[in-house]
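Below is one structure; the comments refer to it alone.
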Amino acid sequence: EMHLPKNMGKIARVLVICAHLLSVSAFIPAPSLLAQRTIRVVQPSGLSSVYCLSEERRKALLQFGILATLTAAQPATAFDNAIAEYSKFAKKPKRRGDAPKDLGVAPRSINKNSLNADPKNFAGLRGCDGKTNCFSTTGDDLMEDRIQTGQDTLIKTWVPPADDAAPWASLVAEVKAYTPGQGFIDGGGFKVSKETESYIYVQFEALKKGYIDDVEFALSKDSSVQVRSSSRVGATDFGVNAKRLNYIAAGLRKKGWRIEDITEKTHPDYFYAATDAADQTFDQDRRKGSELQNARLERPSMGL
């Protein structure tokens, strides 16, 4: 039996398991003495898997590739509200990624390294790490500080109308009414992973490769709503997080909410990265609904 540490990544776990399996099998004197050895691998979550390794299996692992054997894609389980087209990609390998470990409302700090803004501590959602695949209402106050660690991903809190007697209920209803596949995104559907009287955490899945985005909303004491929408993998999201938040925000604006749209004007670097990635990808679905659906960007020639 072997226990894997919590801070070990997925690939590292596979390599450790593989090495352990081979080392065990190497000391088997002969098949007649010990036909099969079993190893129980305990994951950090407490779940365990049993691997059975005979001499024949050891040779097969070496011949056909250890990683391919142990990391074979598992059958995909779509969220209940995935679009019908999801069935075409159900057996394809998925890249869901690992969920951040510090989601939810927790003590946060901003302006820690600022020269012109005072440090602030508060209870709120996690910020972003500077990649162009995330938006959050948590971030340093000044642009000059935010761009020190990457691109500007700060957005303003969402403000309900004064005459809304139950603003949190209005927001939750709008989130749950989300339409998978709108704007050619989130075709894998979504599910509410956690919900309280002032916090909701929702996972959204991409249609083909199963990318999971983590989206959170938290009610503040002043009735405004903190927001965070982020992709788990990749340096850019092809504009997905902006499309998702703008779609939900549009429904709330009709009910009197004050929410700033995420546009090329508010976040130029984000949209530049998304457009550049869409232009260079071979996946035509990434360009659906954009100006690049049937065209490409004009890039300067480097020829003489």
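By convention here, the chains of the structure tokens are called A, B, ... in the order presented, each chain's residues are numbered starting at 1, and ligands are numbered starting at 1 in the order presented.
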Mind the document's chain letters and residue numbers, and return as a PyMOL selection string the residues of region 89-295 of chain A that DSSP labels strand (DSSP E or B).
chain A and resi 106-110+120-124+132+134-136+154+158-159+190-195+199-205+212-219+225-231+236+258
Please report as JSON lines every residue of region 91-189 of chain A lying within 9 Å of region 223-240 of chain A, along with the nearest atom pair and their distance in Å (one decimal), using only C-alpha atoms.
```
{"residue": "A:Arg95", "atom": "CA", "partner": "A:Val233", "partner_atom": "CA", "distance": 8.1}
{"residue": "A:Arg96", "atom": "CA", "partner": "A:Arg232", "partner_atom": "CA", "distance": 7.5}
{"residue": "A:Gly97", "atom": "CA", "partner": "A:Arg232", "partner_atom": "CA", "distance": 5.6}
{"residue": "A:Asp98", "atom": "CA", "partner": "A:Arg232", "partner_atom": "CA", "distance": 6.6}
{"residue": "A:Ala99", "atom": "CA", "partner": "A:Arg232", "partner_atom": "CA", "distance": 6.7}
{"residue": "A:Pro100", "atom": "CA", "partner": "A:Arg232", "partner_atom": "CA", "distance": 7.7}
{"residue": "A:Gly124", "atom": "CA", "partner": "A:Gln226", "partner_atom": "CA", "distance": 7.4}
{"residue": "A:Leu125", "atom": "CA", "partner": "A:Gln226", "partner_atom": "CA", "distance": 7.0}
{"residue": "A:Arg126", "atom": "CA", "partner": "A:Arg228", "partner_atom": "CA", "distance": 7.4}
{"residue": "A:Gly127", "atom": "CA", "partner": "A:Arg228", "partner_atom": "CA", "distance": 7.6}
{"residue": "A:Cys128", "atom": "CA", "partner": "A:Ser230", "partner_atom": "CA", "distance": 7.8}
{"residue": "A:Lys131", "atom": "CA", "partner": "A:Ala235", "partner_atom": "CA", "distance": 5.6}
{"residue": "A:Thr132", "atom": "CA", "partner": "A:Thr236", "partner_atom": "CA", "distance": 4.9}
{"residue": "A:Asn133", "atom": "CA", "partner": "A:Thr236", "partner_atom": "CA", "distance": 4.7}
{"residue": "A:Cys134", "atom": "CA", "partner": "A:Ser230", "partner_atom": "CA", "distance": 4.1}
{"residue": "A:Phe135", "atom": "CA", "partner": "A:Ser229", "partner_atom": "CA", "distance": 5.4}
{"residue": "A:Ser136", "atom": "CA", "partner": "A:Arg228", "partner_atom": "CA", "distance": 4.2}
{"residue": "A:Thr137", "atom": "CA", "partner": "A:Val227", "partner_atom": "CA", "distance": 5.6}
{"residue": "A:Thr138", "atom": "CA", "partner": "A:Gln226", "partner_atom": "CA", "distance": 7.9}
{"residue": "A:Ile155", "atom": "CA", "partner": "A:Val227", "partner_atom": "CA", "distance": 8.1}
{"residue": "A:Lys156", "atom": "CA", "partner": "A:Gln226", "partner_atom": "CA", "distance": 8.1}
{"residue": "A:Thr157", "atom": "CA", "partner": "A:Gln226", "partner_atom": "CA", "distance": 5.2}
{"residue": "A:Trp158", "atom": "CA", "partner": "A:Val225", "partner_atom": "CA", "distance": 5.0}
{"residue": "A:Val159", "atom": "CA", "partner": "A:Ser224", "partner_atom": "CA", "distance": 4.7}
{"residue": "A:Pro160", "atom": "CA", "partner": "A:Ser224", "partner_atom": "CA", "distance": 6.6}
{"residue": "A:Pro167", "atom": "CA", "partner": "A:Ser223", "partner_atom": "CA", "distance": 7.5}
{"residue": "A:Trp168", "atom": "CA", "partner": "A:Ser223", "partner_atom": "CA", "distance": 8.1}
{"residue": "A:Leu171", "atom": "CA", "partner": "A:Val225", "partner_atom": "CA", "distance": 8.9}
{"residue": "A:Gly183", "atom": "CA", "partner": "A:Val240", "partner_atom": "CA", "distance": 8.7}
{"residue": "A:Ile185", "atom": "CA", "partner": "A:Val240", "partner_atom": "CA", "distance": 6.5}
{"residue": "A:Asp186", "atom": "CA", "partner": "A:Val240", "partner_atom": "CA", "distance": 8.3}
```
Name the residues of region 172-219 of chain A that come out as alpha helix (DSSP H) in a backbone DSSP run; write them as a list in words.
Val172, Ala173, Glu174, Val175 and Lys176 of chain A
When distances are computed from only C-alpha atoms, which of A:Gly187, A:Gly139, A:Gly181, A:Pro93 shows the smallest separation from Ile110 (chain A)?
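Closest residue, counting only C-alpha atoms: A:Gly139.
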At what distance in Å, to one decimal, does CA of Asp269 (chain A) lie from CA of Gln151 (chain A)?
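Answer for the CA of Gln151 (chain A) to CA of Asp269 (chain A) separation: 6.6 Å.
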Compile the contact shell of Asp118 (chain A) as a PDB file with N, CA, C and O atoms, in the first residue's frame: residues with an atom at most 10 Å away, counting only C-alpha atoms, same-chain residues fewer than 5 positions apart removed.
```
ATOM      1  N   ILE A 110      -5.206  42.899  -0.344  1.00  0.00           N
ATOM      2  CA  ILE A 110      -4.848  43.580  -1.595  1.00  0.00           C
ATOM      3  C   ILE A 110      -3.912  44.741  -1.279  1.00  0.00           C
ATOM      4  O   ILE A 110      -3.785  45.160  -0.119  1.00  0.00           O
ATOM      5  N   ASN A 111      -3.268  45.237  -2.308  1.00  0.00           N
ATOM      6  CA  ASN A 111      -2.361  46.388  -2.202  1.00  0.00           C
ATOM      7  C   ASN A 111      -1.151  46.117  -1.313  1.00  0.00           C
ATOM      8  O   ASN A 111      -0.521  47.057  -0.804  1.00  0.00           O
ATOM      9  N   LYS A 112      -0.791  44.856  -1.144  1.00  0.00           N
ATOM     10  CA  LYS A 112       0.309  44.522  -0.226  1.00  0.00           C
ATOM     11  C   LYS A 112       1.641  45.120  -0.668  1.00  0.00           C
ATOM     12  O   LYS A 112       2.467  45.486   0.173  1.00  0.00           O
ATOM     13  N   ASN A 113       1.874  45.177  -1.965  1.00  0.00           N
ATOM     14  CA  ASN A 113       3.151  45.675  -2.471  1.00  0.00           C
ATOM     15  C   ASN A 113       3.033  47.035  -3.151  1.00  0.00           C
ATOM     16  O   ASN A 113       3.932  47.453  -3.883  1.00  0.00           O
ATOM     17  N   ASP A 140      -5.912  44.382  -6.627  1.00  0.00           N
ATOM     18  CA  ASP A 140      -5.355  45.651  -6.160  1.00  0.00           C
ATOM     19  C   ASP A 140      -6.151  46.834  -6.716  1.00  0.00           C
ATOM     20  O   ASP A 140      -6.660  46.788  -7.837  1.00  0.00           O
ATOM     21  N   ASP A 141      -6.207  47.909  -5.933  1.00  0.00           N
ATOM     22  CA  ASP A 141      -6.996  49.071  -6.327  1.00  0.00           C
ATOM     23  C   ASP A 141      -6.452  49.771  -7.569  1.00  0.00           C
ATOM     24  O   ASP A 141      -7.222  50.255  -8.401  1.00  0.00           O
TER      25      ASP A 141
END
```
Find the residues near Thr179 (chain A): any atom within 12 Å, counting only C-alpha atoms, skip ones fewer than 2 places away on the same chain, and give them as a list in words.
Asn81, Ala82, Ile83, Glu174, Val175, Lys176, Ala177, Gly181, Gln182, Gly183, Phe184, Ile185, Asp186, Gly187, Gly188, Gly189, Phe190, Lys191, Phe204, Lys243, Arg244, Tyr247, Ile248 and Gly251 of chain A
Of the residues A:Ala84, A:Ile147, A:Ile200, A:Ala106, which is the one nearest to Ala169 (chain A), using only C-alpha atoms?
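Among the listed residues, the smallest separation from Ala169 (chain A) belongs to A:Ile200.
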Report the distance between CA of Asp213 (chain A) and CA of Ala249 (chain A) in Å, rounded to one decimal place.
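Computing it gives 17.3 Å between the two atoms.
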Can you work out the spacing between CA of Glu205 (chain A) and CA of Ala166 (chain A) in Å, to one decimal?
28.9 Å
Please provide the set of residues having any atom within 8 Å of Ser109 (chain A), restricted to only C-alpha atoms, with same-chain residues fewer than 3 positions apart removed, written as a list in words.
Lys112, Pro119, Lys120, Asn121 and Phe122 of chain A
Could you dump the residues just selected with N, CA and C atoms as a JSON list (two decimals), in the first residue's frame?
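And here's selection_13.json as it stands now:
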```json
[["chain", "number", "residue", "atom", "x", "y", "z"],
["A", 112, "LYS", "N", -0.79, 44.86, -1.14],
["A", 112, "LYS", "CA", 0.31, 44.52, -0.23],
["A", 112, "LYS", "C", 1.64, 45.12, -0.67],
["A", 119, "PRO", "N", -2.58, 49.00, 2.17],
["A", 119, "PRO", "CA", -3.01, 47.58, 2.22],
["A", 119, "PRO", "C", -4.40, 47.46, 2.82],
["A", 120, "LYS", "N", -5.16, 46.50, 2.31],
["A", 120, "LYS", "CA", -6.51, 46.25, 2.81],
["A", 120, "LYS", "C", -6.71, 44.76, 3.07],
["A", 121, "ASN", "N", -7.40, 44.45, 4.13],
["A", 121, "ASN", "CA", -7.75, 43.08, 4.46],
["A", 121, "ASN", "C", -9.27, 42.98, 4.56],
["A", 122, "PHE", "N", -9.83, 41.93, 4.01],
["A", 122, "PHE", "CA", -11.29, 41.78, 4.01],
["A", 122, "PHE", "C", -11.64, 40.32, 3.73]]
```
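Counting only C-alpha atoms and comparing A:Ile259, A:Ala123, A:Leu245, A:Leu115, the residue that lies closest to Lys221 (chain A) is A:Ala123.
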